[in-house]
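Below is one structure, written out as C-alpha cells; comments come after it.
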Amino acid sequence: MIRKMSTAQPLKKLVSCVILDLDGTLLNTGWKESFSVIIGGDEVRLGKPSPEIFLEVAKRLNVDPSSCLVIEDSLPGVTAGRAAGMEVVAVPSIPKQPHLYTLADEVINSLLDLRPEKWGLPPFQDWIKDTLPLEPWHIGGPVVKGFGRGSKVLGIPTANLSTEGYGSLLSEHPSGVYFGWAGLSKRGVFKMVMSIGWNPYFNNTEKTIEPWLLHNFDEDFYGEELRLIIVGYIRPEANFSSLQSLIEKIHHDRKVAEEALDLPLFSKYKDDPYLKSST
Ligand code: ADP
Ligand code: RBF
Ligand code: MG
C-alpha cells in the first residue's frame with residue numbers, strides 16, 4: 001500500500017510508506033529500508049478480506065484511508081482494500097481472469113503498468129521516451145512458422161521464435177510489447193520491436209514471441225538462428241476495435257522503439273556478442 005501525497009516528491013521516498021504481504025526472503029534483500037511501516041498478518045485480529053490490516057497501516061502512518069492506494073494481487077486483498085475505503089489497483093496473480101477483479105479501481109497486467117501519477121502520486125522516474133528500461137534478457141533460436149498472419153493480415157511480418165525451453169523466462173516476464181536488438185548471423189544486427197503474449201485481438205490460446213525486425217528484407221529467413229536482446233518495455237498487449245487501429249498502434253510502437261534504441265542507454269547492447277552467434 002502506498003500513501004498518496006499531493007507534493008511532487010520522488011516515489012522512492014513515498015513507497016516508503018508501506019507494504020504488506022512481503023515474504024521473508026524479499027525483506028532480507030535490503031528492501032526493508034524503503035518502507036516506513038511494515039506490518040504482518042500476525043499483527044491484526046482478522047485477515048483479509050477484513051479491512052483491518054489496511055486500516056491499521058493508515059493509523060500507523062497517521063493518514064486518512066481515503067488517501068491510500070492499495071496494490072493487490074489477490075481477490076480477498078482487493079476486497080479488504082475497498083472495505084478500508086482505499087483506492088485499489090489489482091495485479092491479478094491468475095492470468096486471463098481480470099473480470100474477477102471488478103471491485104478494483106483498475107486492473108493491470110503487471111507491475112510494469114503501474115502509473116502512480118494516475119492516483120495523485122509522483123510518477124516513476126525511470127521511464128524514458130515512453131519506454132521502461134529493463135535489465136536486458138536474451139532469447140534465441142531458429143525462426144519458426146507462425147499463423148501466417150503477420151505479413152498477410154497486418155502487413156507487419158514477425159519472425160516468430162519457439163516458446164519451447166523458455167517457459168520459466170516467459171513466466172518471469174509479463175506479456176506485452178518490448179523492444180531491443182535482433183541478430184541474424186548472416187545478415188547483421190537490427191532494431192526490433194516485439195509482442196509477447198496471447199495477442200488479444202486474435203485471441204490466441206498460446207503465448208507467442210513475435211519480433212518485428214525494423215529493416216526491409218528481400219526474402220524470408222525461416223529456420224535461421226535469431227538472437228534477441230530485450231532492453232525495454234513499451235506497453236501491455238491490448239485488444240482493438242478494428243484491425244486498422246491495431247496496425248496504427250504497432251506502427252507507433254515501431255517509432256517509439258526506433259527512437260529509444262538510439263539512446264546510449266539502449267544502443268550500447270547492439271555490439272553484444274550474443275547477437276552474433278555462428279550457429
Ligand atoms: P508467420 O506467421 O509464419 O510468422 P509472418 O507473416 O509473420 O508469418 O512472416 C514472418 C516471416 O517473414 C519471418 O519468419 C521472416 O522469415 C520474414 N520476414 C521478412 N521481413 C521481416 C521483418 N522485417 N521482420 C520479421 N520477419 C520478417
Ligand atoms: N496483437 C494484439 O492482439 N494486441 C497487441 O497489443 C499487439 N501488439 C503488437 C505489437 C507489436 C510491436 C507487434 C509486432 C505485434 C503486435 N500484435 C498485437 C500482433 C501480434 O503480435 C502478431 O503480430 C499477430 O498476431 C500476427 O501473428
Ligand atoms: Mg510472425
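Ligands are numbered from 1 in the order shown, residues from 1 within each chain, and chains are lettered A, B, ... in the order they appear in the C-alpha cells.
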Neighbours of ligand 1 at 6 Å or closer, counting only C-alpha atoms and all ligand atoms: which residues, as a list in words?
Val143, Lys145, Gly146, Phe147, Gly148, Arg149, Gly150, Ser151, Lys152, Pro157, Thr158, Ala159, Asn160, Trp212, Leu213, Leu214, His215, Asn216, Phe217, Glu219, Asp220, Phe221 and Tyr222 of chain A
Close residues to ligand 2 using only C-alpha atoms and all ligand atoms, limit 7 Å, as a ChimeraX atom specification
/A:146-150,156,158,177,193-196,199-202,210-212,236-239,246,250,253-254
Keeping only C-alpha atoms, write those residues as a compact mmCIF listing (two decimals), in the first residue's frame.
# COMPACT_ATOMS: atom_id res chain seq x y z
CA GLY A 146 3.53 -18.72 -37.03
CA PHE A 147 -0.09 -18.39 -38.05
CA GLY A 148 0.94 -16.71 -41.31
CA ARG A 149 -0.98 -13.64 -40.21
CA GLY A 150 1.71 -11.05 -39.63
CA ILE A 156 3.81 -6.49 -40.44
CA THR A 158 7.13 -11.10 -37.34
CA VAL A 177 5.25 -5.05 -26.13
CA VAL A 193 10.06 -4.32 -31.56
CA MET A 194 8.06 -7.34 -30.43
CA SER A 195 4.92 -8.60 -28.82
CA ILE A 196 4.95 -11.43 -26.32
CA ASN A 199 -2.49 -11.32 -28.92
CA PRO A 200 -5.93 -10.44 -27.55
CA TYR A 201 -7.12 -9.19 -30.93
CA PHE A 202 -6.70 -12.67 -32.36
CA GLU A 210 6.77 -12.16 -32.30
CA PRO A 211 9.66 -9.83 -33.12
CA TRP A 212 9.33 -7.37 -36.00
CA PRO A 236 0.75 -4.10 -22.24
CA GLU A 237 -0.91 -6.11 -25.01
CA ALA A 238 -4.29 -4.68 -25.83
CA ASN A 239 -7.43 -5.51 -27.73
CA LEU A 246 -4.14 -2.38 -34.12
CA ILE A 250 2.04 -1.25 -33.84
CA ASP A 253 5.38 1.12 -31.16
CA ARG A 254 7.88 0.96 -34.01
Set the distance at 8 Å and use only C-alpha atoms: which residues neighbour range 94-107 of chain A once local chain neighbours fewer than 2 positions away are removed? I'd like the list as number ranges by chain.
A: 75, 78-79, 82, 87-92, 109
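Taking only C-alpha atoms and all ligand atoms into account, ligand 3 lies nearest to A:Val144 out of the set A:Ile230, A:Leu263, A:Leu275, A:Val144.
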Quick one: pick out all helix (DSSP H, G or I) residues within range 134-186 of chain A from a backbone DSSP run and write them as a ChimeraX atom specification.
/A:150-154,167-172
With C-alpha atoms retained, could you export that selection as a PDB file, in the first residue's frame?
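Just written: selection.pdb:
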ATOM      1  CA  GLY A 150       1.709 -11.053 -39.629  1.00  0.00           C
ATOM      2  CA  SER A 151       2.513 -10.121 -43.219  1.00  0.00           C
ATOM      3  CA  LYS A 152      -0.770 -11.154 -44.762  1.00  0.00           C
ATOM      4  CA  VAL A 153      -3.275  -9.561 -42.386  1.00  0.00           C
ATOM      5  CA  LEU A 154      -1.277  -6.749 -40.826  1.00  0.00           C
ATOM      6  CA  GLY A 167       8.805 -21.450 -20.044  1.00  0.00           C
ATOM      7  CA  SER A 168      10.444 -20.022 -16.962  1.00  0.00           C
ATOM      8  CA  LEU A 169      11.834 -16.956 -18.732  1.00  0.00           C
ATOM      9  CA  LEU A 170       8.413 -16.169 -20.159  1.00  0.00           C
ATOM     10  CA  SER A 171       6.675 -16.583 -16.844  1.00  0.00           C
ATOM     11  CA  GLU A 172       9.182 -14.137 -15.351  1.00  0.00           C
TER      12      GLU A 172
END
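Across the structure, CA of Lys191 in chain A and CA of Gly232 in chain A are spaced 12.2 Å apart.
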Could you pull out all residues of range 38-256 of chain A with a DSSP call of strand (DSSP E) and give them as a PyMOL selection string?
chain A and resi 38+68-72+87-90+106-107+132-142+176-184+188-197+208-213+225-235
Got time to write the residues from that selection, C-alpha atoms, as a PDB file, in the first residue's frame?
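The file below, again35.pdb, is the result:
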ATOM      1  CA  ILE A  38       5.851  -2.879   7.640  1.00  0.00           C
ATOM      2  CA  CYS A  68      -4.061   5.497   0.485  1.00  0.00           C
ATOM      3  CA  LEU A  69      -3.531   3.428  -2.637  1.00  0.00           C
ATOM      4  CA  VAL A  70      -3.520  -0.356  -2.292  1.00  0.00           C
ATOM      5  CA  ILE A  71      -1.770  -2.583  -4.837  1.00  0.00           C
ATOM      6  CA  GLU A  72      -3.056  -6.130  -4.552  1.00  0.00           C
ATOM      7  CA  GLU A  87      -8.326   3.036  -3.842  1.00  0.00           C
ATOM      8  CA  VAL A  88      -7.145  -0.313  -5.179  1.00  0.00           C
ATOM      9  CA  VAL A  89      -5.078  -1.305  -8.199  1.00  0.00           C
ATOM     10  CA  ALA A  90      -5.277  -5.047  -8.848  1.00  0.00           C
ATOM     11  CA  GLU A 106      -8.056  -0.503 -12.018  1.00  0.00           C
ATOM     12  CA  VAL A 107      -6.807  -3.903 -13.154  1.00  0.00           C
ATOM     13  CA  LEU A 132      10.797   1.470 -19.408  1.00  0.00           C
ATOM     14  CA  PRO A 133      14.442   0.308 -19.395  1.00  0.00           C
ATOM     15  CA  LEU A 134      14.814  -3.292 -18.197  1.00  0.00           C
ATOM     16  CA  GLU A 135      17.647  -5.489 -17.081  1.00  0.00           C
ATOM     17  CA  PRO A 136      18.354  -6.991 -20.545  1.00  0.00           C
ATOM     18  CA  TRP A 137      17.247 -10.551 -21.207  1.00  0.00           C
ATOM     19  CA  HIS A 138      18.269 -12.831 -24.042  1.00  0.00           C
ATOM     20  CA  ILE A 139      16.384 -15.306 -26.185  1.00  0.00           C
ATOM     21  CA  GLY A 140      17.334 -17.051 -29.365  1.00  0.00           C
ATOM     22  CA  GLY A 141      16.557 -19.942 -31.678  1.00  0.00           C
ATOM     23  CA  PRO A 142      15.545 -20.763 -35.224  1.00  0.00           C
ATOM     24  CA  GLY A 176       3.401  -7.064 -23.519  1.00  0.00           C
ATOM     25  CA  VAL A 177       5.251  -5.048 -26.131  1.00  0.00           C
ATOM     26  CA  TYR A 178       9.034  -4.912 -25.753  1.00  0.00           C
ATOM     27  CA  PHE A 179      11.953  -3.755 -27.870  1.00  0.00           C
ATOM     28  CA  GLY A 180      15.640  -4.379 -28.311  1.00  0.00           C
ATOM     29  CA  TRP A 181      18.179  -5.728 -30.780  1.00  0.00           C
ATOM     30  CA  ALA A 182      17.931  -8.688 -33.152  1.00  0.00           C
ATOM     31  CA  GLY A 183      20.879 -10.547 -34.666  1.00  0.00           C
ATOM     32  CA  LEU A 184      20.790 -12.845 -37.703  1.00  0.00           C
ATOM     33  CA  GLY A 188      23.552  -8.423 -39.258  1.00  0.00           C
ATOM     34  CA  VAL A 189      22.058  -6.692 -36.246  1.00  0.00           C
ATOM     35  CA  PHE A 190      18.768  -4.779 -36.435  1.00  0.00           C
ATOM     36  CA  LYS A 191      16.453  -2.770 -34.252  1.00  0.00           C
ATOM     37  CA  MET A 192      13.489  -4.815 -33.132  1.00  0.00           C
ATOM     38  CA  VAL A 193      10.058  -4.321 -31.562  1.00  0.00           C
ATOM     39  CA  MET A 194       8.055  -7.342 -30.430  1.00  0.00           C
ATOM     40  CA  SER A 195       4.920  -8.600 -28.817  1.00  0.00           C
ATOM     41  CA  ILE A 196       4.952 -11.431 -26.322  1.00  0.00           C
ATOM     42  CA  GLY A 197       1.674 -12.925 -25.283  1.00  0.00           C
ATOM     43  CA  THR A 208       3.819 -16.351 -28.872  1.00  0.00           C
ATOM     44  CA  ILE A 209       7.087 -14.421 -29.261  1.00  0.00           C
ATOM     45  CA  GLU A 210       6.769 -12.157 -32.301  1.00  0.00           C
ATOM     46  CA  PRO A 211       9.662  -9.831 -33.123  1.00  0.00           C
ATOM     47  CA  TRP A 212       9.330  -7.370 -35.998  1.00  0.00           C
ATOM     48  CA  LEU A 213      12.801  -6.549 -37.289  1.00  0.00           C
ATOM     49  CA  GLU A 225      19.147 -18.583 -35.959  1.00  0.00           C
ATOM     50  CA  LEU A 226      17.707 -15.377 -34.492  1.00  0.00           C
ATOM     51  CA  ARG A 227      19.152 -13.843 -31.336  1.00  0.00           C
ATOM     52  CA  LEU A 228      17.325 -11.179 -29.334  1.00  0.00           C
ATOM     53  CA  ILE A 229      18.382  -8.876 -26.536  1.00  0.00           C
ATOM     54  CA  ILE A 230      15.329  -7.288 -24.957  1.00  0.00           C
ATOM     55  CA  VAL A 231      16.230  -3.986 -23.332  1.00  0.00           C
ATOM     56  CA  GLY A 232      12.946  -2.241 -22.586  1.00  0.00           C
ATOM     57  CA  TYR A 233       9.191  -2.319 -22.234  1.00  0.00           C
ATOM     58  CA  ILE A 234       6.614  -0.184 -24.071  1.00  0.00           C
ATOM     59  CA  ARG A 235       3.054  -1.222 -23.139  1.00  0.00           C
TER      60      ARG A 235
END
Could you tell me which of A:Ala83, A:Glu52, A:Asp126, A:Gly155 comes closest to ligand 3 if we count only C-alpha atoms and all ligand atoms?
A:Gly155
